[in-house]
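Heads up, the thing below is written out as structure tokens.
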Amino acid sequence: MSLDLAAPRRAEAMTSQPSEIEVSGITHRYQTGRGEVLALRNINLSIAPGRFVGLVGPSGCGKSSLLMMMAGLVKPSEGNITVRGSPINGPAPDRIGVVFQEASLLPWRTAQENVAFPLKLRGVKRAEREAKAEELLHLVGLKGFEKRHPHELSGGMKQRVAIARGFCQDPPVLLMDEPFAALDEQTRMTLGDELLRIWEQHRKTVVFVTHGLTEAVYLCDEVIVLSGRPGEVLARIEIDLPRPRTWEMMATEHFGRLREQIWSLIRRQS
Ligand SMILES: Nc1ncnc2c1ncn2[C@@H]1O[C@H](COP(=O)(O)OP(=O)(O)OP(=O)(O)O)[C@@H](O)[C@H]1O
């Protein structure tokens with residue numbers, strides 16, 4: 001088994017550093033034509049810098065809602081969220097990047113231009129942003145596809161472009177809402193490895209919503225399990241598997257036990 005070289009850094013992050021994301025007393029109600037929907041109830045979370053955290057729970061428990069609140073795209077009914085000590089009252093692209101299930105690329109721009117777009121918005125010079133976008137496209141395995149437009153790319157490739165764009169923005173926090181859900185199993189596993197490789201290099205704080213429990217255990221340092229609606233935090237499960245993660249680990253008893261622990265919590269909710 002490989003050594004967990006990142007463990008001391010993570011332990012330090014958990015003990016001595018202030019939290020990167022602080023979620024305090026979040027309750028959320030949606031107003032609908034048929035009355036009020038209580039989506040989330042009293043969520044409190046503290047996430048340390050550099051952690052890769054999964055968010056799982058039964059369908060409709062409020063995972064996406066919570067992520068959208070962390071991104072400043074939905075305003076909670078009650079409670080507040082701070083990132084790096086400052087409250088989130090709206091989108092904060094300098095602090096937070098978001099990658100959605102469907103890669104929302106600009107169709108008239110090339111892969112490279114799409115990745116470089118956040119830098120363009122920040123006024124970074126063309127040569128610099130092109131070089132950065134090229135480097136990230138290579139990192140996600142898209143060397144040679146820089147000048148292609150989205151309609152010339154497969155679903156998996158588009159998702160890689162979206163991930164590269166998330167990293168190009170270079171926010172300390174990256175929120176990912178089922179980024180691999182629309183992909184086939186093999187592409188999902190490959191992209192998961194690529195995401196981990198980039199994360200090891202850039203050490204962003206990642207919150208990753210998924211329905212895939214194997215994916216959650218494979219990728220994360222910790223998995224937060226929400227209850228059925230209204231979503232409440234049921235458990236925070238530490239994934240103490242060594243890094244770098246390898247596919248062989250999925251066949252180990254320990255991996256199976258962690259997955260089962262999460263599944264038994266979710267199963268009881270349905
Ligand atoms: N804009 C909205 N208006 C009204 N109700 C909403 C709205 N968005 C979400 N909801 C409701 O709030 C609850 C939580 O939705 P949310 O999408 O956050 O859950 P989720 O856990 O991400 O679901 P899934 O796992 O199915 O993607 C659901 O009951 C949903 O129907």
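Just remember, in the structure tokens the first chain shown is A, the second B, etc., residues are 1-based per chain, and ligands are 1-based in the order shown.
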- Query: Counting only C-alpha atoms and all ligand atoms, which protein, DNA or RNA residues come within 12 Å of ligand 1, given as a ChimeraX atom specification?
  - Reply: /A:27-41,55-69,73-76,100-101,176-179,181,208-212,225-232,266
- Can you list, as a VMD selection string, all residues belonging to stretch 9-53 of chain A that DSSP tags as helix (DSSP H, G or I)? chain A and resid 9 to 15
Take the residues that were just selected and, keeping C-alpha atoms, output them as an mmCIF file, in the first residue's frame.
data_model
loop_
_atom_site.group_PDB
_atom_site.id
_atom_site.type_symbol
_atom_site.label_atom_id
_atom_site.label_comp_id
_atom_site.auth_asym_id
_atom_site.auth_seq_id
_atom_site.Cartn_x
_atom_site.Cartn_y
_atom_site.Cartn_z
ATOM 1 C CA ARG A 9 -0.915 18.189 6.251
ATOM 2 C CA ARG A 10 -4.544 17.175 6.600
ATOM 3 C CA ALA A 11 -4.213 16.547 10.336
ATOM 4 C CA GLU A 12 -2.703 20.015 10.693
ATOM 5 C CA ALA A 13 -5.539 21.465 8.654
ATOM 6 C CA MET A 14 -8.048 19.879 10.997
ATOM 7 C CA THR A 15 -6.445 21.044 14.214
#
- Task: Could you find all residues in stretch 66-200 of chain A that DSSP calls strand (DSSP E or B) from the backbone, and write them as a PyMOL selection string?
- Result: chain A and resi 78-83+86-87+96-99+173-177
Take the residues that were just selected and, keeping C-alpha atoms, output them as an mmCIF file, in the first residue's frame.
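Saved file selection_24.cif follows:
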data_model
loop_
_atom_site.group_PDB
_atom_site.id
_atom_site.type_symbol
_atom_site.label_atom_id
_atom_site.label_comp_id
_atom_site.auth_asym_id
_atom_site.auth_seq_id
_atom_site.Cartn_x
_atom_site.Cartn_y
_atom_site.Cartn_z
ATOM 1 C CA GLU A 78 -32.233 31.178 7.869
ATOM 2 C CA GLY A 79 -28.600 30.966 8.897
ATOM 3 C CA ASN A 80 -25.424 32.025 7.192
ATOM 4 C CA ILE A 81 -22.381 30.727 5.357
ATOM 5 C CA THR A 82 -18.889 32.153 5.428
ATOM 6 C CA VAL A 83 -16.001 31.243 3.169
ATOM 7 C CA SER A 86 -16.358 36.477 4.890
ATOM 8 C CA PRO A 87 -20.103 35.973 4.479
ATOM 9 C CA ILE A 96 -15.635 29.932 -5.091
ATOM 10 C CA GLY A 97 -15.803 27.997 -8.360
ATOM 11 C CA VAL A 98 -18.737 25.794 -9.359
ATOM 12 C CA VAL A 99 -18.790 22.783 -11.702
ATOM 13 C CA VAL A 173 -13.000 26.503 -2.936
ATOM 14 C CA LEU A 174 -14.450 24.327 -5.690
ATOM 15 C CA LEU A 175 -18.067 23.190 -5.447
ATOM 16 C CA MET A 176 -19.015 20.272 -7.698
ATOM 17 C CA ASP A 177 -22.615 19.163 -8.224
#
- Message: Please determine, counting only C-alpha atoms, which residue among A:Ser154, A:Ser19, A:Gln261, A:Thr110 has the shortest atom-to-atom distance to A:Glu134.
- Response: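 Closest to A:Glu134, using only C-alpha atoms: A:Thr110.
Shortest separation to A:Arg188 among A:Leu153, A:Leu45, A:Leu219, A:Leu265 occurs at residue A:Leu219, atoms counted being only C-alpha atoms.
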- Neighbours of A:Asn114 within 10 Å (only C-alpha atoms; same-chain residues fewer than 4 positions away dropped), as a PyMOL selection string? chain A and resi 104-110+118-120+133+146+149-150+161-162+164-165+168
